[in-house]
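Below is one structure, written out as structure tokens; comments come after it.
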There are 2 protein chains.
Amino acid sequence: MNSKENILIIGAGLCGSLLALRLAQRGYNVSVYEKRPDLRKINISAGRSINLAFSDRGNKAMKLVGIQDKVKALCIPMYGRMIHDRKGQTFQSNYSGRDHEFINSISRDALNALLLNEAEAHKNVTLYFNSKCKLVDFENTTALFIDYNTKAEFSKTANLIIATDGAGSVMRKSYYLGKKFLFSFSQNYLTHGYKELSILPAQNGDYKTNKNALHIWPRGSFMLIALPNLDGSFTVTLFLSYNQGEYHFNNLTTPEAVRVFFKKEFPDALKLMPNLEEEFFKNPTSPLGTIKCSPWHYKGNTLLMGDAAHAIVPFYGQGMNASFEDVVEFDTILNTHKGHWQSVFKAYEATRKKDTDAIADLAIDNFYEMRDHVANPVFKEKRKLEMALEKAFPNAYSSKYSLVTFNETIGYKEAMIKGRAQDKAILNLLTNNKLDLEGDLKIVLQKVKQETEAILNEDTVAGLNN
Amino acid sequence: MNSKENILIIGAGLCGSLLALRLAQRGYNVSVYEKRPDLRKINISAGRSINLAFSDRGNKAMKLVGIQDKVKALCIPMYGRMIHDRKGQTFQSNYSGRDHEFINSISRDALNALLLNEAEAHKNVTLYFNSKCKLVDFENTTALFIDYNTKAEFSKTANLIIATDGAGSVMRKSYYLGKKFLFSFSQNYLTHGYKELSILPAQNGDYKTNKNALHIWPRGSFMLIALPNLDGSFTVTLFLSYNQGEYHFNNLTTPEAVRVFFKKEFPDALKLMPNLEEEFFKNPTSPLGTIKCSPWHYKGNTLLMGDAAHAIVPFYGQGMNASFEDVVEFDTILNTHKGHWQSVFKAYEATRKKDTDAIADLAIDNFYEMRDHVANPVFKEKRKLEMALEKAFPNAYSSKYSLVTFNETIGYKEAMIKGRAQDKAILNLLTNNKLDLEGDLKIVLQKVKQETEAILNEDTVAGLNN
């Protein structure tokens with residue numbers, strides 16, 4: 001490990017461009033190869049989500065590289081979920097009882113462009129676009145590319161290759177197909193897919209609905225959500241089964257069927273979406289998958305990072321944040337670990353994988369919570385209580401959502417174990433009428449904490465918290 | 001679906017030969033293609049476990065096809081675990097407090113040969129050996145083979161192809177690489193591998209140690225086990241990390257190192273294994289993996305079954321039993337379902353997959369239980385109590401192990417949910433000294449049942465039993 005080494009990064013998306021920036025700040029010579037054209041020059045949003053939820057774990061990474069203020073300018077705060085029922089009536093469920101805790105809607109392209117600019121400002125970073133990786137010869141730390149412009153193939157060798165080439169990672173596929181070592185791997189698809197639609201700005205450029213919330217139309221087995229963009233529009237996403245239920249992607253085959261579906265299920269949204277049918281048939285339907293694998297590295301030469309190592313479903317709003325946090329964790333290992341790259345990679349996976357596994361599972365949980373539970377009476381009661389607890393005891397109580405989203409100093413796994421126990425405690429106390437919600441909130445907090453501790457202890461005795 | 005249809009089965013292992021037999025009994029024309037030579041003519045055990053645990057779920061399938069008595073003649077009952085400590089001292093922990101509940105050691109080859117003979121006795125079954133499947137064109141229900149003798153390639157089309165070609169299934173690989181549909185897939189390896197060794201019979205042909213037990217030498221992070229064979233020998237299996245701990249497969253590179261390791265950790269076993277070093281370096285080290293996937297079928301033309309659909313680690317002794325139970329479940333669907341093959345396949349996966357997922361997870365749990373917990377005082381106390389409860393209340397109490405192994409009328413998932421809650425209840429009651437083990441056992445049972453119910457209810461409220 002010395003800072004004169006050449007590091008090749010595959011993929012200049014959010015994770016790759018941040019990693020390039022950070023490694024450049026540390027003095028390495030960094031080359032980044034990206035299959036797409038330069039998004040700062042050409043609009044290439046197709047096939048990827050337009051805006052994303054940005055929160056504290058992601059911001060931790062922005063602070064590390066010193067661009068948190070530039071990123072803040074791109075953010076639209078969302079303080080809670082705005083739930084829309086079938087009659088178009090709404091209620092807001094905040095993300096936290098603490099005013100300074102909120103998530104943000106941010107443009108993927110704007111953020112990626114900022115990161116590319118910041119990386120490229122370092123003379124030890126070179127970016128290559130239109131260069132599609134075909135395979136990685138990980139025994140020889142060599143990647144084979146094809147230049148999309150000239151169609152020429154070329155290969156590059158480096159001291160180190162880090163693949164941040166996303167859920168469809170070519171290097172991960174090389175690991176899998178290479179069969180040189182035991183490679184644990186999973187791809188798990190939900191039975192649902194998603195399609196992006198939009199609410200355009202009003203004539204005067206205003207937002208057509210509250211811009212400071214994440215809008216949800218939960219309908220049990222499917223849902224619609226909307227996140228604001230800086231230009232006054234909202235990006236709307238429909239999550240729906242491919243082939244089950246009365247309405248599904250495979251039977252919504254005509255503009256009439258789509259309109260009938262939206263009129264019945266999302267009447268208030270439909271009023272804001274005059275382009276619905278056109279967009280519905282123009283935009284792709286994309287799958288929702290979770291990817292896990294291990295090991296993330298081979299012989300100290302190659303490493304997977306970001307979605308390439310752990311792609312997750314979008315329902316916790318943590319995909320980008322988790323990938324950014326990868327860079328922070330990797331950087332921390334670089335600070336403390338004076339060994340070879342192989343031991344750096346091992347230490348990194350040893351501390352990090354438990355957390356990316358946890359957020360993958362939490363994101364699946366939230367799929368069910370968002371489309372269904374948010375409209376359920378006990379769940380609503382629980383959220384109301386949690387908001388009250390966070391407001392009254394800002395230093396003594398954090399919900400699972402807060403632990404995951406706003407407590408960036410603890411890992412996802414710790415947040416998951418504590419948060420799940422707390423959820424279980426509150427749901428059981430509420431169901432058994434053991435909380436006097438009109439009485440002293442201090443006593444309620446005490447009971448919740450006791451019950452949570454009891455659950456954690458029981459799980460530990462049963463060996464369930466490992 | 002009519003009984004004149006041609007069904008092509010890939011793989012004549014335990015699951016494939018049983019399936020061929022059952023489908024022949026139902027009147028279908030069945031062709032079975034197997035890559036290996038006919039094991040009834042040539043000894044080909046290399047690379048697969050020599051003996052296996054056979055229990056009630058497997059026997060349910062033998063009853064279905066009417067060969068339970070023939071199979072019984074191949075069985076050596078094992079009534080419990082015989083635990084060996086480092087000093088060679090042993091204690092036995094029975095599998096059940098009911099005398100009629102035990103598992104059996106059975107020879108893979110003898111059982112497979114029996115199934116092949118029974119299948120071949122039907123004139124509507126044809127077996128082809130030395131025929132290795134290279135890929136399956138699942139759109140056209142056609143499989144491509146290579147004849148190992150002539151090296152000639154040939155393809156076969158059928159009304160239906162069922163792949164029972166094991167953990168390395170070629171058809172599953174065709175599903176994965178074909179990318180014609182969303183195929184969820186996982187392969188997860190343990191950090192441990194295994195190596196088969198043996199204890200040969202005594203000079204007079206006797207068994208050198210108790211033949212009616214499954215012997216375990218649990219050592220925390222690794223273990224040795226032994227199962228009896230009909231010829232007086234035991235097949236011994238070492239489960240050990242590839243590269244972690246003081247001793248691991250990657251550093252046991254000399255006969256001396258192997259002997260030192262066994263002398264320190266398994267001294268009593270070493271005395272019975274004069275061929276240890278020779279076998280250690282002659283026999284392969286094999287990985288331990290879990291495979292899950294979905295869907296198991298495509299368009300009513302092709303179906304995965306047995307290990308091809310759900311390979312598991314061997315620690316619950318349920319791999320073969322689960323594959324045999326697949327055939328029973330499939331047969332039940334055929335009885336009740338008068339639809340197309342596609343709806344048969346869907347119904348089969350809908351009822352079956354939750355159970356094969358459960359046994360996969362239970363088998364991983366048991367890895368930790370066997371190598372570690374069996375020697376742990378609280379665990380021992382729990383097992384002792386469970387034996388007492390099963391003995392005193394044979395109709396009112398079954399441990400998790402009994403639910404999984406001896407209660408073949410409930411599915412693995414139900415056994416897992418109830419069994420885990422029960423384990424948690426007992427461990428917590430014991431740890432908190434809430435059971436008067438010297439007092440009335442009826443009261444103990446009542447407390448265990450109450451606590452188990454409470455745990456199940458709490459999990460249901462929290463949405464954890466789905």
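Residues in the structure tokens are named by chain (A, B, ... in the order shown) and by number from 1 within that chain; ligands are numbered from 1 in the order shown.
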With chain A as the partner and 7 Å as the cut-off, tabulate the residues of chain B that qualify, each row holding the nearest pair of atoms and their distance in Å to one decimal, using only C-alpha atoms, sorted by chain and rising number, as JSON lines.
{"residue": "B:Leu182", "atom": "CA", "partner": "A:Tyr189", "partner_atom": "CA", "distance": 6.8}
{"residue": "B:Ser184", "atom": "CA", "partner": "A:Asn188", "partner_atom": "CA", "distance": 4.4}
{"residue": "B:Phe185", "atom": "CA", "partner": "A:Gln187", "partner_atom": "CA", "distance": 5.4}
{"residue": "B:Ser186", "atom": "CA", "partner": "A:Ser186", "partner_atom": "CA", "distance": 3.8}
{"residue": "B:Gln187", "atom": "CA", "partner": "A:Ser184", "partner_atom": "CA", "distance": 5.3}
{"residue": "B:Asn188", "atom": "CA", "partner": "A:Ser184", "partner_atom": "CA", "distance": 4.4}
{"residue": "B:Tyr189", "atom": "CA", "partner": "A:Ser184", "partner_atom": "CA", "distance": 5.6}
{"residue": "B:Lys424", "atom": "CA", "partner": "A:Ala462", "partner_atom": "CA", "distance": 5.1}
{"residue": "B:Leu427", "atom": "CA", "partner": "A:Ala462", "partner_atom": "CA", "distance": 6.3}
{"residue": "B:Asn428", "atom": "CA", "partner": "A:Glu458", "partner_atom": "CA", "distance": 6.1}
{"residue": "B:Glu458", "atom": "CA", "partner": "A:Asn428", "partner_atom": "CA", "distance": 6.2}
{"residue": "B:Val461", "atom": "CA", "partner": "A:Asn428", "partner_atom": "CA", "distance": 6.4}
{"residue": "B:Ala462", "atom": "CA", "partner": "A:Lys424", "partner_atom": "CA", "distance": 5.2}
Non-local contacts of Val313 of chain B (9 Å; only C-alpha atoms; under 2 positions in same chain excluded) as a PDB file with N, CA and C atoms, in the first residue's frame:
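Saved file part21.pdb follows:
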ATOM      1  N   LEU B 190     -20.704 -22.252   3.387  1.00  0.00           N
ATOM      2  CA  LEU B 190     -20.138 -22.061   4.717  1.00  0.00           C
ATOM      3  C   LEU B 190     -18.636 -21.850   4.561  1.00  0.00           C
ATOM      4  N   LEU B 288     -19.492 -26.908   1.532  1.00  0.00           N
ATOM      5  CA  LEU B 288     -20.833 -27.073   2.097  1.00  0.00           C
ATOM      6  C   LEU B 288     -21.677 -25.878   1.675  1.00  0.00           C
ATOM      7  N   GLY B 289     -22.659 -26.115   0.862  1.00  0.00           N
ATOM      8  CA  GLY B 289     -23.416 -24.986   0.340  1.00  0.00           C
ATOM      9  C   GLY B 289     -24.917 -25.163   0.456  1.00  0.00           C
ATOM     10  N   THR B 290     -25.607 -24.027   0.478  1.00  0.00           N
ATOM     11  CA  THR B 290     -27.069 -24.013   0.440  1.00  0.00           C
ATOM     12  C   THR B 290     -27.485 -23.365  -0.869  1.00  0.00           C
ATOM     13  N   ALA B 311     -30.676 -27.295  -2.537  1.00  0.00           N
ATOM     14  CA  ALA B 311     -29.623 -28.068  -1.860  1.00  0.00           C
ATOM     15  C   ALA B 311     -29.369 -27.472  -0.479  1.00  0.00           C
ATOM     16  N   PHE B 315     -26.490 -30.876   8.094  1.00  0.00           N
ATOM     17  CA  PHE B 315     -26.477 -30.947   9.558  1.00  0.00           C
ATOM     18  C   PHE B 315     -27.808 -31.285  10.223  1.00  0.00           C
ATOM     19  N   TYR B 316     -28.890 -31.341   9.469  1.00  0.00           N
ATOM     20  CA  TYR B 316     -30.134 -31.825  10.071  1.00  0.00           C
ATOM     21  C   TYR B 316     -30.457 -33.234   9.584  1.00  0.00           C
ATOM     22  N   GLY B 317     -29.577 -33.797   8.777  1.00  0.00           N
ATOM     23  CA  GLY B 317     -29.840 -35.135   8.248  1.00  0.00           C
ATOM     24  C   GLY B 317     -31.116 -35.172   7.422  1.00  0.00           C
ATOM     25  N   GLN B 318     -31.437 -34.072   6.729  1.00  0.00           N
ATOM     26  CA  GLN B 318     -32.723 -33.993   6.042  1.00  0.00           C
ATOM     27  C   GLN B 318     -32.610 -33.821   4.529  1.00  0.00           C
ATOM     28  N   GLY B 319     -31.402 -33.762   3.983  1.00  0.00           N
ATOM     29  CA  GLY B 319     -31.269 -33.509   2.544  1.00  0.00           C
ATOM     30  C   GLY B 319     -32.028 -34.527   1.716  1.00  0.00           C
ATOM     31  N   ALA B 360     -33.685 -25.624   4.911  1.00  0.00           N
ATOM     32  CA  ALA B 360     -32.360 -25.055   4.602  1.00  0.00           C
ATOM     33  C   ALA B 360     -31.860 -24.222   5.778  1.00  0.00           C
ATOM     34  N   ALA B 363     -31.099 -26.386   8.856  1.00  0.00           N
ATOM     35  CA  ALA B 363     -29.849 -27.143   8.703  1.00  0.00           C
ATOM     36  C   ALA B 363     -28.640 -26.283   9.055  1.00  0.00           C
ATOM     37  N   ILE B 364     -28.710 -25.000   8.705  1.00  0.00           N
ATOM     38  CA  ILE B 364     -27.633 -24.074   9.094  1.00  0.00           C
ATOM     39  C   ILE B 364     -27.611 -23.921  10.621  1.00  0.00           C
ATOM     40  N   PHE B 367     -25.866 -26.737  12.286  1.00  0.00           N
ATOM     41  CA  PHE B 367     -24.401 -26.708  12.165  1.00  0.00           C
ATOM     42  C   PHE B 367     -23.816 -26.142  13.453  1.00  0.00           C
TER      43      PHE B 367
END
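Of the listed residues B:Lys418, B:Lys4, B:Lys263, B:Lys353, the one whose atoms come nearest to Glu329 of chain B is B:Lys353, with distances taken using only C-alpha atoms.
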Among segment 150-244 of chain B, which ones does DSSP assign to strand (DSSP E) (computed from the backbone)? Answer as a ChimeraX atom specification.
/B:153-157,160-163,184-199,214-218,223-228,234-241
As JSON, numbers by chain, list the residues of segment 171-413 of chain A assigned to helix (DSSP H, G or I) by DSSP on the backbone atoms of this structure.
{"A": [171, 172, 173, 174, 175, 176, 177, 178, 255, 256, 257, 258, 259, 260, 261, 262, 263, 264, 265, 267, 268, 269, 270, 271, 276, 277, 278, 279, 280, 281, 282, 307, 308, 309, 310, 314, 315, 316, 319, 320, 321, 322, 323, 324, 325, 326, 327, 328, 329, 330, 331, 332, 333, 334, 335, 336, 341, 342, 343, 344, 345, 346, 347, 348, 349, 350, 351, 352, 353, 354, 355, 356, 357, 358, 359, 360, 361, 362, 363, 364, 365, 366, 367, 368, 369, 370, 371, 373, 374, 375, 377, 378, 379, 380, 381, 382, 383, 384, 385, 386, 387, 388, 389, 390, 391, 392, 400, 401, 402, 403, 404, 405, 412, 413]}
Residue neighbourhood Ser402 of chain B, 9 Å, only C-alpha atoms, exclusion window fewer than 3 positions, as number ranges by chain:
B: 95-96, 101, 398-399, 405-407, 415, 419
Who sits within 9 Å of segment 199-208 of chain A, only C-alpha atoms, same chain under 6 positions skipped, as number ranges by chain:
A: 226, 228, 231-236, 269, 272-276
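Take atom CA of Ser174 of chain A and atom CA of Ala12 of chain A: the distance between them is 19.2 Å.
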Please list as a ChimeraX atom specification every residue within 12 Å of His373 of chain B, counting only C-alpha atoms and excluding residues in the same chain fewer than 4 positions away.
/A:462-463 /B:83,216-223,365-369,377-383
Find the distance between atom CA of Gly300 of chain A and atom CA of Val344 of chain A and write it in Å to one decimal.
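Between these atoms lies a distance of 8.0 Å.
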Between A:Phe102, A:Tyr33, A:Tyr175, A:Tyr348, which has the minimum distance to Asn212 of chain A (counting only C-alpha atoms)?
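The answer is A:Phe102, which sits nearest to Asn212 of chain A.
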If we count only C-alpha atoms, what is near Asn104 of chain A at a cut-off of 6 Å, once residues fewer than 2 positions away on the same chain are taken out, given as a CSV table (one decimal) with N, CA, C and O atoms, in the first residue's frame?
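Below you can see part-v7.csv, which holds the result:
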chain,number,residue,atom,x,y,z
A,53,ALA,N,-33.5,9.3,-2.2
A,53,ALA,CA,-33.6,9.8,-0.8
A,53,ALA,C,-32.1,9.9,-0.3
A,53,ALA,O,-31.4,9.0,-0.4
A,54,PHE,N,-31.8,11.1,0.2
A,54,PHE,CA,-30.4,11.4,0.7
A,54,PHE,C,-30.5,11.7,2.2
A,54,PHE,O,-31.3,12.5,2.6
A,75,CYS,N,-30.6,19.7,-2.3
A,75,CYS,CA,-31.6,18.9,-1.5
A,75,CYS,C,-32.9,19.5,-1.4
A,75,CYS,O,-33.0,20.8,-1.1
A,76,ILE,N,-34.0,18.8,-1.4
A,76,ILE,CA,-35.3,19.2,-1.0
A,76,ILE,C,-35.7,18.4,0.2
A,76,ILE,O,-35.9,17.2,0.2
A,77,PRO,N,-35.8,19.0,1.4
A,77,PRO,CA,-36.1,18.3,2.6
A,77,PRO,C,-37.5,17.6,2.5
A,77,PRO,O,-38.5,18.3,2.0
A,78,MET,N,-37.6,16.4,3.0
A,78,MET,CA,-38.9,15.8,3.2
A,78,MET,C,-39.1,15.4,4.6
A,78,MET,O,-38.3,14.5,5.1
